[in-house]
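J.: Following this message is one structure expressed as structure tokens.
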Amino acid sequence: MKTNFKLQNVCGTVYKGGNLVFLPDGNSVCSPVGNRVAVYDLVNNKSKTYPHQTRSDIEVIAVSPNGKLLAVVDRDGFAIFINLVKNVLLHRINFKARVRDIQFSPDGRYFAVNHGNKLQIWKTPGLECQFNPFSLHRTYSGHSDDITSIDWSHDCRYIVTGSLDCTCRVFTLETLRHYKPCVLVGHKSRIVQCAFFKNSYNIETVSHDGTLIQWNWSEREFKIGCNDSERAFGKRVVRPSHRRGPIRYRSKHKVGIAPSVIDDGYRQGLSNNSGDYSTGQHTIIKDEDTLASSTFTSTKLISKSGKNKTRAKFHSMVPVDKFEEEQPEEQEQAEVQEQDNKEEEKEEEETGPDNDKQVKFQSAEISATVKTPSSSDSDSEEADDSNAGMKRERKLSTNLGVFVAALPVWSISSTNGRNYFKQDNSKVSCATFHKQTNKLVVGFTNGVFGLYELPEFNNIHTLSVSQRRITTAAINSSGEWLAIGSSHFGQLIVWEWQSESYVLKQQGHFYDTDVVAYSPEGHIIATGGSDSKVKLWNVTSGFCYVTFKEHSGAVTGLCFLPNGMAILSSSLDGTVRAFDLMRYRNFRTLTAPEPTPLSCVTVDPSGELVCASCLDTFEIYVWSLQTGKLVDSLTGHTGPISSVKFHTSQAVLLSGSCDGTLRVWDVFESKGHREALDHGSDIVCMDLRSDGKQLVISTLKGFLTFWDYEQMKEIGSLDCRRDIRNGRSDAALVSAKHVNQALCWTTVVYSPDGSCVLTGGRSKYGLKHICDAGYTAVNSFLDLVCYGCFHDKVMTHSIRKFGPLNLINDHSDSDVEERIDKSLPGVTRGDFSSRRTRPEMRVKGISYSPSGMAWAAATTEGLLIFSIEEGVVFDPYDLDEDVTPSTIRSVLQSKDYPKALTMSFRLNEVTVIQEVLECIPPDAIKVVIELFPVAYIEDLLKFLASILGKTRHIAFYMFWIMHIFNVHGSFLRTESARIQATLRGIHKSVMEHHQSLGTLCEDNTHMLAYTSHLLTSAQHMAEQTDFEHAGELLIKD
């Protein structure tokens, strides 16, 4: 029995929290499911769940623009990056703070993530494993509370952030000198969403109170003052000597608005001139008259390799309209002028002949460097240049004018600048903006979502999809599909607003998934939960396609009829209901004589008798499924009955109870129980092997006991108390040793071939055991749920006055009604989403697939499906150097088909086996099977079962299966228990082809009938036309 099972899908839960994201193709949506990510293909109607897990529930996810990288961040700030193409976990990182939003830049080079009230820009890691893949580009600050929304502009130049402090700020990706982020103030509640418009710097922001503000971007002229302007603004310049560092200046008046861009003429000059330029310090050449003028467009750029240079640095800028308003008093101007004159005289005294080659002019707004000619001139020329440089500095300091630059400004639009979402007594819970179509999707706390068109603010569509708040909303690339998620109900909806129809509507169990069962064919999984619902899931697609709501209490047991045409469910409401899987209706309801809760249900191999156990009266009720009447009532247990099971080959019923006994009942002959087996501890669960020769029982003390049914003696037992230990939980007040004393396995199941036992219980682990030749050994642990609130030691650093820190939910941005705890004290079942504590991880039910290639576990995190990965596995046996693919092909060419087929199975390569099988002619199949070794018949059947469901040569492979049954029927009958899983796999593939071909043939039959009817009608009309024409000719004659 192979044990290399891996997670295939999570079906019981479609959405639990976080944000929804569409892939760039717009056909698939990514949904957080606990600590994993599920992807739903809306076109092909399939779903899959990535096996990579985070440490806690996922908070936010993001997909790169190329659709190859997926970023997943949990509630504790731990993030993982997944390669979506290869399904490989690439990187892990800890942001060390709660992350509320993460967004990739449009070019994919960076991603922005909030770190509390700060914004961090990281370089996007590559698609390959690297030693240090993360590089922090820059960190921005300014918000006084946590950031809730992030968005990039179309050219990655600006980044807008919304925060809980009711403000938005606009940052720049690249560093600009003395740039101060623009603050957008106008909301009275926390920001829910903010975004740029397409190919524009206009911004729209949405707040929690239902206010939408549209901010228009514009350029506004600001003056850059220098020298006289500097004194006019009250700035005092400290001019050190040339040997000191850069000049320092102080200002009495702060400028209110800082620049974000430099003048367009200046940038155009940079782009039009060739040469090597440095960022932020560009080489500029100007003459004295140019520097004295106030026109900035007269600047000229040259390469840094030139000899003559003049440098200009621009600092604070002042609005044009405020330039004349902020003039200081005349007395302050005189003091500043006097101090500057003294500093200039001191600099002239300190200036020597060595400093004549480079003269610096610096002011509060402009730093200019004038370089003299080369040193090849005479000494007299150098002296003259030195004096000229001092005069030039004084001249420039007195005659320098004021420059004008254009700066970006965001202001509320005059038309449709401020709008309000008018929803009665409800607020905005989520919002998303589609830039390509200017569509805004807004979700409200009353379960209503609306679609609006901006900037006109036209309400296109409004729909109520839930009774509780909408947690997240997303829109695909084409703008046609809207994804809506509600974490309270675990609901995921994809709505096409143009046709007003559902593309996808999925909802898991409102509470936990308690029981699970596979259908006899293996392509349907049935689940029952505490929400009194029974759901049917398609294994291939992973979607729930039927939900039965007839029960009024929690579902406690499920079982399929042997023919797979109906399913039975028991409930705490005291009824057993039978549901038809063809018409999807409740066709039979079995009730007890007195209202009493039922704990489990089973059906006999013939499908005629149904048995269910009672929790209160400790009785077992027997009904006839044909008539629906109560046939018998079995009494004898003195405690609640935990499980009942019919024998596979004998007409007896097995029941285990909390009184510590296992009883065998003769139901058909009405002779009562045959015998009782005492275990000395409460029986929690049990299961019977497929051949009916062995029995496994789990007790309350944590032991697994194996019994030989034919001899009624104990084979062995296994102490599993150490295997089930979790550690100390956050809420436990005692050590882990005492906490885990009462733990046990609450569910146990045999594999279809009987070689493996899978158990689960009040633990996040599933345990596999191998049963062979009368002894038992631990085989492997399966980590079903990788996270939980369990620790090996007491976490003293997390203990606070009000309890463990991990159990305190700090949702400062949530509504008041959502923070109210409505759960009753001591309640362990019910609405866990309203509890203040984290739910405990449990495995409540396990079921094996009839083929043995997969199994499902009902846990508190949903329905987890594990399967063996399909692929080429090189597993040779009886192999020597003569068995090679080339040798097999040479034997096949010589038409020695039995030998070639035997050698291919000895090599055990799937491609070679398929090539040999398809080269054998159909008329030689019977002879090949007769000469084929019996030892390889089981392997041949397994290969046929695996390839029959995905091949086009259906009739060819059915010939192989038919001749195997005819030639080796007796051998297969004796080994039926061992190859039962293989036979069920063949039956499943045949039924799938029967359904698909049957539907196709039926459609073709109707189409052919319609075509033949049209042909007959056309012929009849032609004959009638010819007859009329002949009549007309006769009349004329």
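Just remember, in the structure tokens the first chain shown is A, the second B, etc., residues are 1-based per chain, and ligands are 1-based in the order shown.
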What are the DSSP strand (DSSP E or B) residues of stretch 558-618 of chain A, as a PDB file with N, CA and C atoms, in the first residue's frame?
T.:
```pdb
ATOM      1  N   LEU A 558     -23.338   9.337   7.874  1.00  0.00           N
ATOM      2  CA  LEU A 558     -23.609   9.256   6.439  1.00  0.00           C
ATOM      3  C   LEU A 558     -23.192   7.897   5.925  1.00  0.00           C
ATOM      4  N   CYS A 559     -23.949   7.381   4.961  1.00  0.00           N
ATOM      5  CA  CYS A 559     -23.561   6.153   4.280  1.00  0.00           C
ATOM      6  C   CYS A 559     -24.312   6.064   2.956  1.00  0.00           C
ATOM      7  N   PHE A 560     -23.622   5.556   1.941  1.00  0.00           N
ATOM      8  CA  PHE A 560     -24.223   5.353   0.618  1.00  0.00           C
ATOM      9  C   PHE A 560     -24.817   3.962   0.533  1.00  0.00           C
ATOM     10  N   ALA A 566     -28.404   6.250  -3.792  1.00  0.00           N
ATOM     11  CA  ALA A 566     -28.997   7.052  -2.719  1.00  0.00           C
ATOM     12  C   ALA A 566     -28.011   7.136  -1.575  1.00  0.00           C
ATOM     13  N   ILE A 567     -28.253   8.098  -0.713  1.00  0.00           N
ATOM     14  CA  ILE A 567     -27.418   8.308   0.468  1.00  0.00           C
ATOM     15  C   ILE A 567     -28.317   8.448   1.682  1.00  0.00           C
ATOM     16  N   LEU A 568     -27.892   7.875   2.811  1.00  0.00           N
ATOM     17  CA  LEU A 568     -28.618   7.929   4.075  1.00  0.00           C
ATOM     18  C   LEU A 568     -27.877   8.813   5.050  1.00  0.00           C
ATOM     19  N   SER A 569     -28.619   9.570   5.837  1.00  0.00           N
ATOM     20  CA  SER A 569     -28.031  10.471   6.831  1.00  0.00           C
ATOM     21  C   SER A 569     -28.840  10.414   8.113  1.00  0.00           C
ATOM     22  N   SER A 570     -28.133  10.358   9.237  1.00  0.00           N
ATOM     23  CA  SER A 570     -28.759  10.418  10.556  1.00  0.00           C
ATOM     24  C   SER A 570     -28.462  11.767  11.182  1.00  0.00           C
ATOM     25  N   SER A 571     -29.363  12.195  12.078  1.00  0.00           N
ATOM     26  CA  SER A 571     -29.248  13.530  12.634  1.00  0.00           C
ATOM     27  C   SER A 571     -29.689  13.533  14.090  1.00  0.00           C
ATOM     28  N   THR A 575     -34.178  11.646  13.100  1.00  0.00           N
ATOM     29  CA  THR A 575     -34.629  11.073  11.841  1.00  0.00           C
ATOM     30  C   THR A 575     -33.451  10.560  11.026  1.00  0.00           C
ATOM     31  N   VAL A 576     -33.755   9.569  10.169  1.00  0.00           N
ATOM     32  CA  VAL A 576     -32.828   9.084   9.147  1.00  0.00           C
ATOM     33  C   VAL A 576     -33.486   9.365   7.807  1.00  0.00           C
ATOM     34  N   ARG A 577     -32.814  10.137   6.978  1.00  0.00           N
ATOM     35  CA  ARG A 577     -33.383  10.540   5.704  1.00  0.00           C
ATOM     36  C   ARG A 577     -32.599   9.912   4.556  1.00  0.00           C
ATOM     37  N   ALA A 578     -33.340   9.496   3.530  1.00  0.00           N
ATOM     38  CA  ALA A 578     -32.755   8.910   2.329  1.00  0.00           C
ATOM     39  C   ALA A 578     -32.943   9.880   1.182  1.00  0.00           C
ATOM     40  N   PHE A 579     -31.838  10.215   0.503  1.00  0.00           N
ATOM     41  CA  PHE A 579     -31.853  11.182  -0.589  1.00  0.00           C
ATOM     42  C   PHE A 579     -31.514  10.479  -1.889  1.00  0.00           C
ATOM     43  N   ASP A 580     -32.341  10.748  -2.893  1.00  0.00           N
ATOM     44  CA  ASP A 580     -32.140  10.173  -4.211  1.00  0.00           C
ATOM     45  C   ASP A 580     -31.090  10.994  -4.959  1.00  0.00           C
ATOM     46  N   ARG A 585     -33.768  14.447  -4.268  1.00  0.00           N
ATOM     47  CA  ARG A 585     -34.898  14.734  -3.390  1.00  0.00           C
ATOM     48  C   ARG A 585     -34.892  13.754  -2.231  1.00  0.00           C
ATOM     49  N   ASN A 586     -35.563  14.119  -1.168  1.00  0.00           N
ATOM     50  CA  ASN A 586     -35.704  13.267   0.009  1.00  0.00           C
ATOM     51  C   ASN A 586     -36.916  12.346  -0.202  1.00  0.00           C
ATOM     52  N   PHE A 587     -36.622  11.082  -0.574  1.00  0.00           N
ATOM     53  CA  PHE A 587     -37.709  10.171  -0.899  1.00  0.00           C
ATOM     54  C   PHE A 587     -38.133   9.290   0.270  1.00  0.00           C
ATOM     55  N   ARG A 588     -37.391   9.273   1.367  1.00  0.00           N
ATOM     56  CA  ARG A 588     -37.783   8.441   2.512  1.00  0.00           C
ATOM     57  C   ARG A 588     -37.279   9.090   3.795  1.00  0.00           C
ATOM     58  N   THR A 589     -38.155   9.089   4.818  1.00  0.00           N
ATOM     59  CA  THR A 589     -37.793   9.607   6.138  1.00  0.00           C
ATOM     60  C   THR A 589     -38.131   8.545   7.176  1.00  0.00           C
ATOM     61  N   LEU A 590     -37.119   8.085   7.899  1.00  0.00           N
ATOM     62  CA  LEU A 590     -37.267   7.050   8.916  1.00  0.00           C
ATOM     63  C   LEU A 590     -37.206   7.706  10.291  1.00  0.00           C
ATOM     64  N   THR A 591     -38.217   7.477  11.096  1.00  0.00           N
ATOM     65  CA  THR A 591     -38.309   8.108  12.419  1.00  0.00           C
ATOM     66  C   THR A 591     -38.360   7.046  13.491  1.00  0.00           C
ATOM     67  N   LEU A 598     -30.051  10.635  17.179  1.00  0.00           N
ATOM     68  CA  LEU A 598     -29.366   9.483  16.616  1.00  0.00           C
ATOM     69  C   LEU A 598     -27.892   9.821  16.416  1.00  0.00           C
ATOM     70  N   SER A 599     -27.018   8.845  16.667  1.00  0.00           N
ATOM     71  CA  SER A 599     -25.576   9.097  16.647  1.00  0.00           C
ATOM     72  C   SER A 599     -24.893   8.597  15.383  1.00  0.00           C
ATOM     73  N   CYS A 600     -25.371   7.520  14.768  1.00  0.00           N
ATOM     74  CA  CYS A 600     -24.725   6.984  13.575  1.00  0.00           C
ATOM     75  C   CYS A 600     -25.730   6.129  12.807  1.00  0.00           C
ATOM     76  N   VAL A 601     -25.390   5.801  11.545  1.00  0.00           N
ATOM     77  CA  VAL A 601     -26.277   5.052  10.678  1.00  0.00           C
ATOM     78  C   VAL A 601     -25.447   4.138   9.801  1.00  0.00           C
ATOM     79  N   THR A 602     -26.039   2.997   9.408  1.00  0.00           N
ATOM     80  CA  THR A 602     -25.400   2.055   8.498  1.00  0.00           C
ATOM     81  C   THR A 602     -26.469   1.303   7.732  1.00  0.00           C
ATOM     82  N   VAL A 603     -26.085   0.631   6.633  1.00  0.00           N
ATOM     83  CA  VAL A 603     -26.994  -0.106   5.780  1.00  0.00           C
ATOM     84  C   VAL A 603     -26.362  -1.451   5.463  1.00  0.00           C
ATOM     85  N   LEU A 609     -32.021  -3.173   4.759  1.00  0.00           N
ATOM     86  CA  LEU A 609     -32.177  -2.804   6.165  1.00  0.00           C
ATOM     87  C   LEU A 609     -31.288  -1.617   6.506  1.00  0.00           C
ATOM     88  N   VAL A 610     -31.816  -0.730   7.313  1.00  0.00           N
ATOM     89  CA  VAL A 610     -31.096   0.463   7.777  1.00  0.00           C
ATOM     90  C   VAL A 610     -31.107   0.442   9.292  1.00  0.00           C
ATOM     91  N   CYS A 611     -29.927   0.627   9.899  1.00  0.00           N
ATOM     92  CA  CYS A 611     -29.797   0.631  11.355  1.00  0.00           C
ATOM     93  C   CYS A 611     -29.215   1.955  11.811  1.00  0.00           C
ATOM     94  N   ALA A 612     -29.726   2.472  12.921  1.00  0.00           N
ATOM     95  CA  ALA A 612     -29.238   3.711  13.514  1.00  0.00           C
ATOM     96  C   ALA A 612     -29.265   3.560  15.021  1.00  0.00           C
ATOM     97  N   SER A 613     -28.264   4.119  15.688  1.00  0.00           N
ATOM     98  CA  SER A 613     -28.150   4.008  17.140  1.00  0.00           C
ATOM     99  C   SER A 613     -28.669   5.267  17.802  1.00  0.00           C
ATOM    100  N   CYS A 614     -29.145   5.088  19.037  1.00  0.00           N
ATOM    101  CA  CYS A 614     -29.743   6.166  19.807  1.00  0.00           C
ATOM    102  C   CYS A 614     -28.804   6.579  20.936  1.00  0.00           C
TER     103      CYS A 614
END
```
J.: Find the residues around stretch 520-522 of chain A up to 9 Å (only C-alpha atoms counted), leave out those fewer than 4 positions away in its own chain, and share them as number ranges by chain.
T.: A: 539, 560-564, 849-851, 984-985, 987-989, 991
J.: With only C-alpha atoms as the counted atoms, please give the residues lying no more than 12 Å from A:Leu940, apart from itself and same-chain residues fewer than 5 positions off, as a ChimeraX atom specification.
T.: /A:901-902,904-906,908,910,913-914,917,929,932-935,945-948,957,960-961,964-965,979,982-983,986
J.: Within 10 Å of A:Leu572, counting only C-alpha atoms, which residues qualify if same-chain residues fewer than 5 places away don't, as a list in words?
T.: Ser530, Ser532, His551, Ser552, Gly553, Ala554, Val555, Thr556, Gly557, Pro595, Thr596, Pro597, Leu598, Ser599, Cys600, Cys614 and Leu615 of chain A
J.: Selected residues, N, CA and C atoms, written as a compact mmCIF listing (two decimals), in the first residue's frame, please.
T.:
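The file below, out-v1.txt, is the result:
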```txt
# COMPACT_ATOMS: atom_id res chain seq x y z
N SER A 530 -22.64 20.52 11.37
CA SER A 530 -23.49 20.95 12.47
C SER A 530 -24.56 21.93 12.03
N SER A 532 -26.80 21.25 9.98
CA SER A 532 -27.92 20.39 9.57
C SER A 532 -28.04 20.28 8.05
N HIS A 551 -32.86 18.29 7.15
CA HIS A 551 -32.64 18.04 8.57
C HIS A 551 -32.77 19.33 9.37
N SER A 552 -33.21 19.17 10.61
CA SER A 552 -33.32 20.31 11.53
C SER A 552 -32.32 20.23 12.67
N GLY A 553 -31.45 19.26 12.64
CA GLY A 553 -30.40 19.12 13.65
C GLY A 553 -29.08 18.75 13.01
N ALA A 554 -28.04 18.71 13.80
CA ALA A 554 -26.72 18.39 13.28
C ALA A 554 -26.69 16.99 12.70
N VAL A 555 -25.98 16.82 11.58
CA VAL A 555 -25.85 15.52 10.92
C VAL A 555 -24.75 14.75 11.62
N THR A 556 -25.06 13.50 12.02
CA THR A 556 -24.11 12.68 12.79
C THR A 556 -23.60 11.46 12.03
N GLY A 557 -24.22 11.07 10.93
CA GLY A 557 -23.77 9.89 10.21
C GLY A 557 -24.18 9.94 8.75
N PRO A 595 -39.09 10.67 20.07
CA PRO A 595 -38.09 11.65 19.63
C PRO A 595 -36.80 11.49 20.43
N THR A 596 -35.76 11.13 19.75
CA THR A 596 -34.47 10.90 20.40
C THR A 596 -33.36 11.16 19.39
N PRO A 597 -32.24 11.71 19.81
CA PRO A 597 -31.15 11.97 18.87
C PRO A 597 -30.46 10.68 18.44
N LEU A 598 -30.05 10.64 17.18
CA LEU A 598 -29.37 9.48 16.62
C LEU A 598 -27.89 9.82 16.42
N SER A 599 -27.02 8.85 16.67
CA SER A 599 -25.58 9.10 16.65
C SER A 599 -24.89 8.60 15.38
N CYS A 600 -25.37 7.52 14.77
CA CYS A 600 -24.72 6.98 13.57
C CYS A 600 -25.73 6.13 12.81
N CYS A 614 -29.14 5.09 19.04
CA CYS A 614 -29.74 6.17 19.81
C CYS A 614 -28.80 6.58 20.94
N LEU A 615 -28.77 7.88 21.23
CA LEU A 615 -27.89 8.39 22.28
C LEU A 615 -28.53 8.34 23.66
```
J.: Using only C-alpha atoms, which residues sit within 12 Å of A:Glu500 once same-chain residues fewer than 2 positions away are excluded, as a PyMOL selection string?
T.: chain A and resi 460-463+480-482+494-498+502-503
J.: Would you mind reading off the distance between atom CA of A:Met841 and atom CA of A:Val88, one decimal, in Å?
T.: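 Separation between atom CA of A:Met841 and atom CA of A:Val88: 26.3 Å.
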J.: Just the number, please: distance in Å from atom CA of A:His637 to atom CA of A:Ala651, one decimal.
T.: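 Computing the Euclidean distance for atom CA of A:His637 and atom CA of A:Ala651 yields 20.0 Å.
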J.: Looking at only C-alpha atoms, which of A:Ser189, A:Leu84, A:Thr705, A:Leu136 is the one that sits closest to A:Gly162?
T.: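 Of A:Ser189, A:Leu84, A:Thr705, A:Leu136, the one nearest A:Gly162 is A:Ser189, counting only C-alpha atoms.
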J.: Using only C-alpha atoms, find each residue in stretch 60-157 of chain A having at least one atom no more than 12 Å away from stretch 19-29 of chain A; report its shortest atom-to-atom pair and that distance in Å (one decimal), rows by chain then rising number, as a tab-separated table.
T.:
```
residue	atom	partner	partner_atom	distance
A:Val60	CA	A:Asn19	CA	5.6
A:Ile61	CA	A:Asn19	CA	6.5
A:Ala62	CA	A:Val21	CA	6.7
A:Val63	CA	A:Leu23	CA	6.9
A:Ser64	CA	A:Pro24	CA	8.4
A:Pro65	CA	A:Pro24	CA	6.6
A:Asn66	CA	A:Pro24	CA	7.0
A:Gly67	CA	A:Pro24	CA	5.7
A:Lys68	CA	A:Leu23	CA	9.4
A:Leu69	CA	A:Leu23	CA	10.3
A:Leu70	CA	A:Leu23	CA	9.7
A:Ala71	CA	A:Val21	CA	11.0
A:Val72	CA	A:Asn19	CA	10.5
A:Val73	CA	A:Asn19	CA	10.9
A:Asp74	CA	A:Asn19	CA	11.5
A:Leu84	CA	A:Leu23	CA	10.2
A:Val85	CA	A:Leu23	CA	12.0
A:Arg100	CA	A:Asn19	CA	9.9
A:Asp101	CA	A:Asn19	CA	9.2
A:Ile102	CA	A:Asn19	CA	10.6
A:Gln103	CA	A:Val21	CA	11.2
A:Pro106	CA	A:Pro24	CA	11.9
A:Ser149	CA	A:Asn19	CA	12.0
```
J.: Save the residues we just selected, N, CA, C and O atoms, as a PDB file, in the first residue's frame?
T.:
```
ATOM      1  N   VAL A  60      -3.958  38.559   3.416  1.00  0.00           N
ATOM      2  CA  VAL A  60      -4.007  39.234   2.123  1.00  0.00           C
ATOM      3  C   VAL A  60      -3.156  38.447   1.136  1.00  0.00           C
ATOM      4  O   VAL A  60      -2.157  37.815   1.522  1.00  0.00           O
ATOM      5  N   ILE A  61      -3.579  38.443  -0.135  1.00  0.00           N
ATOM      6  CA  ILE A  61      -2.827  37.798  -1.217  1.00  0.00           C
ATOM      7  C   ILE A  61      -2.737  38.776  -2.385  1.00  0.00           C
ATOM      8  O   ILE A  61      -3.544  39.705  -2.501  1.00  0.00           O
ATOM      9  N   ALA A  62      -1.735  38.564  -3.246  1.00  0.00           N
ATOM     10  CA  ALA A  62      -1.540  39.406  -4.424  1.00  0.00           C
ATOM     11  C   ALA A  62      -0.853  38.581  -5.494  1.00  0.00           C
ATOM     12  O   ALA A  62      -0.036  37.698  -5.188  1.00  0.00           O
ATOM     13  N   VAL A  63      -1.173  38.870  -6.757  1.00  0.00           N
ATOM     14  CA  VAL A  63      -0.610  38.176  -7.909  1.00  0.00           C
ATOM     15  C   VAL A  63       0.159  39.194  -8.736  1.00  0.00           C
ATOM     16  O   VAL A  63      -0.305  40.320  -8.954  1.00  0.00           O
ATOM     17  N   SER A  64       1.343  38.808  -9.196  1.00  0.00           N
ATOM     18  CA  SER A  64       2.160  39.682 -10.015  1.00  0.00           C
ATOM     19  C   SER A  64       1.482  39.935 -11.362  1.00  0.00           C
ATOM     20  O   SER A  64       0.640  39.136 -11.800  1.00  0.00           O
ATOM     21  N   PRO A  65       1.820  41.022 -12.059  1.00  0.00           N
ATOM     22  CA  PRO A  65       1.156  41.326 -13.343  1.00  0.00           C
ATOM     23  C   PRO A  65       1.330  40.246 -14.395  1.00  0.00           C
ATOM     24  O   PRO A  65       0.446  40.048 -15.222  1.00  0.00           O
ATOM     25  N   ASN A  66       2.435  39.512 -14.385  1.00  0.00           N
ATOM     26  CA  ASN A  66       2.617  38.442 -15.366  1.00  0.00           C
ATOM     27  C   ASN A  66       1.953  37.140 -14.968  1.00  0.00           C
ATOM     28  O   ASN A  66       1.975  36.169 -15.733  1.00  0.00           O
ATOM     29  N   GLY A  67       1.352  37.083 -13.780  1.00  0.00           N
ATOM     30  CA  GLY A  67       0.628  35.896 -13.345  1.00  0.00           C
ATOM     31  C   GLY A  67       1.495  34.727 -12.958  1.00  0.00           C
ATOM     32  O   GLY A  67       0.993  33.600 -12.882  1.00  0.00           O
ATOM     33  N   LYS A  68       2.765  34.940 -12.659  1.00  0.00           N
ATOM     34  CA  LYS A  68       3.661  33.845 -12.324  1.00  0.00           C
ATOM     35  C   LYS A  68       4.013  33.783 -10.845  1.00  0.00           C
ATOM     36  O   LYS A  68       4.484  32.747 -10.384  1.00  0.00           O
ATOM     37  N   LEU A  69       3.797  34.853 -10.100  1.00  0.00           N
ATOM     38  CA  LEU A  69       4.204  34.912  -8.705  1.00  0.00           C
ATOM     39  C   LEU A  69       3.001  35.260  -7.846  1.00  0.00           C
ATOM     40  O   LEU A  69       2.254  36.196  -8.156  1.00  0.00           O
ATOM     41  N   LEU A  70       2.819  34.500  -6.784  1.00  0.00           N
ATOM     42  CA  LEU A  70       1.728  34.706  -5.839  1.00  0.00           C
ATOM     43  C   LEU A  70       2.309  35.020  -4.471  1.00  0.00           C
ATOM     44  O   LEU A  70       3.109  34.247  -3.948  1.00  0.00           O
ATOM     45  N   ALA A  71       1.927  36.154  -3.916  1.00  0.00           N
ATOM     46  CA  ALA A  71       2.365  36.562  -2.577  1.00  0.00           C
ATOM     47  C   ALA A  71       1.235  36.322  -1.595  1.00  0.00           C
ATOM     48  O   ALA A  71       0.103  36.775  -1.807  1.00  0.00           O
ATOM     49  N   VAL A  72       1.528  35.610  -0.515  1.00  0.00           N
ATOM     50  CA  VAL A  72       0.543  35.251   0.498  1.00  0.00           C
ATOM     51  C   VAL A  72       1.070  35.688   1.857  1.00  0.00           C
ATOM     52  O   VAL A  72       2.190  35.320   2.235  1.00  0.00           O
ATOM     53  N   VAL A  73       0.285  36.461   2.593  1.00  0.00           N
ATOM     54  CA  VAL A  73       0.686  36.982   3.893  1.00  0.00           C
ATOM     55  C   VAL A  73      -0.386  36.602   4.906  1.00  0.00           C
ATOM     56  O   VAL A  73      -1.581  36.777   4.649  1.00  0.00           O
ATOM     57  N   ASP A  74       0.047  36.074   6.058  1.00  0.00           N
ATOM     58  CA  ASP A  74      -0.909  35.683   7.082  1.00  0.00           C
ATOM     59  C   ASP A  74      -1.106  36.815   8.092  1.00  0.00           C
ATOM     60  O   ASP A  74      -0.552  37.909   7.960  1.00  0.00           O
ATOM     61  N   LEU A  84       3.408  30.142  -9.461  1.00  0.00           N
ATOM     62  CA  LEU A  84       2.140  29.572  -9.888  1.00  0.00           C
ATOM     63  C   LEU A  84       2.301  28.628 -11.068  1.00  0.00           C
ATOM     64  O   LEU A  84       1.493  27.715 -11.248  1.00  0.00           O
ATOM     65  N   VAL A  85       3.312  28.825 -11.874  1.00  0.00           N
ATOM     66  CA  VAL A  85       3.490  27.985 -13.053  1.00  0.00           C
ATOM     67  C   VAL A  85       3.947  26.589 -12.651  1.00  0.00           C
ATOM     68  O   VAL A  85       3.411  25.578 -13.119  1.00  0.00           O
ATOM     69  N   ARG A 100      -1.918  44.653   6.005  1.00  0.00           N
ATOM     70  CA  ARG A 100      -3.309  44.811   5.575  1.00  0.00           C
ATOM     71  C   ARG A 100      -3.469  44.842   4.061  1.00  0.00           C
ATOM     72  O   ARG A 100      -4.548  44.577   3.552  1.00  0.00           O
ATOM     73  N   ASP A 101      -2.393  45.198   3.348  1.00  0.00           N
ATOM     74  CA  ASP A 101      -2.489  45.246   1.892  1.00  0.00           C
ATOM     75  C   ASP A 101      -1.098  45.097   1.304  1.00  0.00           C
ATOM     76  O   ASP A 101      -0.099  45.549   1.888  1.00  0.00           O
ATOM     77  N   ILE A 102      -1.035  44.445   0.151  1.00  0.00           N
ATOM     78  CA  ILE A 102       0.199  44.274  -0.603  1.00  0.00           C
ATOM     79  C   ILE A 102      -0.153  44.368  -2.079  1.00  0.00           C
ATOM     80  O   ILE A 102      -1.132  43.766  -2.525  1.00  0.00           O
ATOM     81  N   GLN A 103       0.619  45.161  -2.818  1.00  0.00           N
ATOM     82  CA  GLN A 103       0.322  45.395  -4.226  1.00  0.00           C
ATOM     83  C   GLN A 103       1.620  45.380  -5.022  1.00  0.00           C
ATOM     84  O   GLN A 103       2.614  45.991  -4.623  1.00  0.00           O
ATOM     85  N   PRO A 106       2.876  48.005 -11.538  1.00  0.00           N
ATOM     86  CA  PRO A 106       2.423  47.589 -12.885  1.00  0.00           C
ATOM     87  C   PRO A 106       3.506  46.937 -13.723  1.00  0.00           C
ATOM     88  O   PRO A 106       3.207  46.068 -14.537  1.00  0.00           O
ATOM     89  N   SER A 149      -4.990  50.571   2.527  1.00  0.00           N
ATOM     90  CA  SER A 149      -5.111  50.412   1.082  1.00  0.00           C
ATOM     91  C   SER A 149      -3.893  51.016   0.399  1.00  0.00           C
ATOM     92  O   SER A 149      -3.379  52.059   0.825  1.00  0.00           O
TER      93      SER A 149
END
```
J.: Using only C-alpha atoms, which of A:Ala854, A:Leu654, A:Leu42, A:Ile58 sits nearest A:Leu634?
T.: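 Between A:Ala854, A:Leu654, A:Leu42, A:Ile58, the residue approaching A:Leu634 most closely is A:Leu654.
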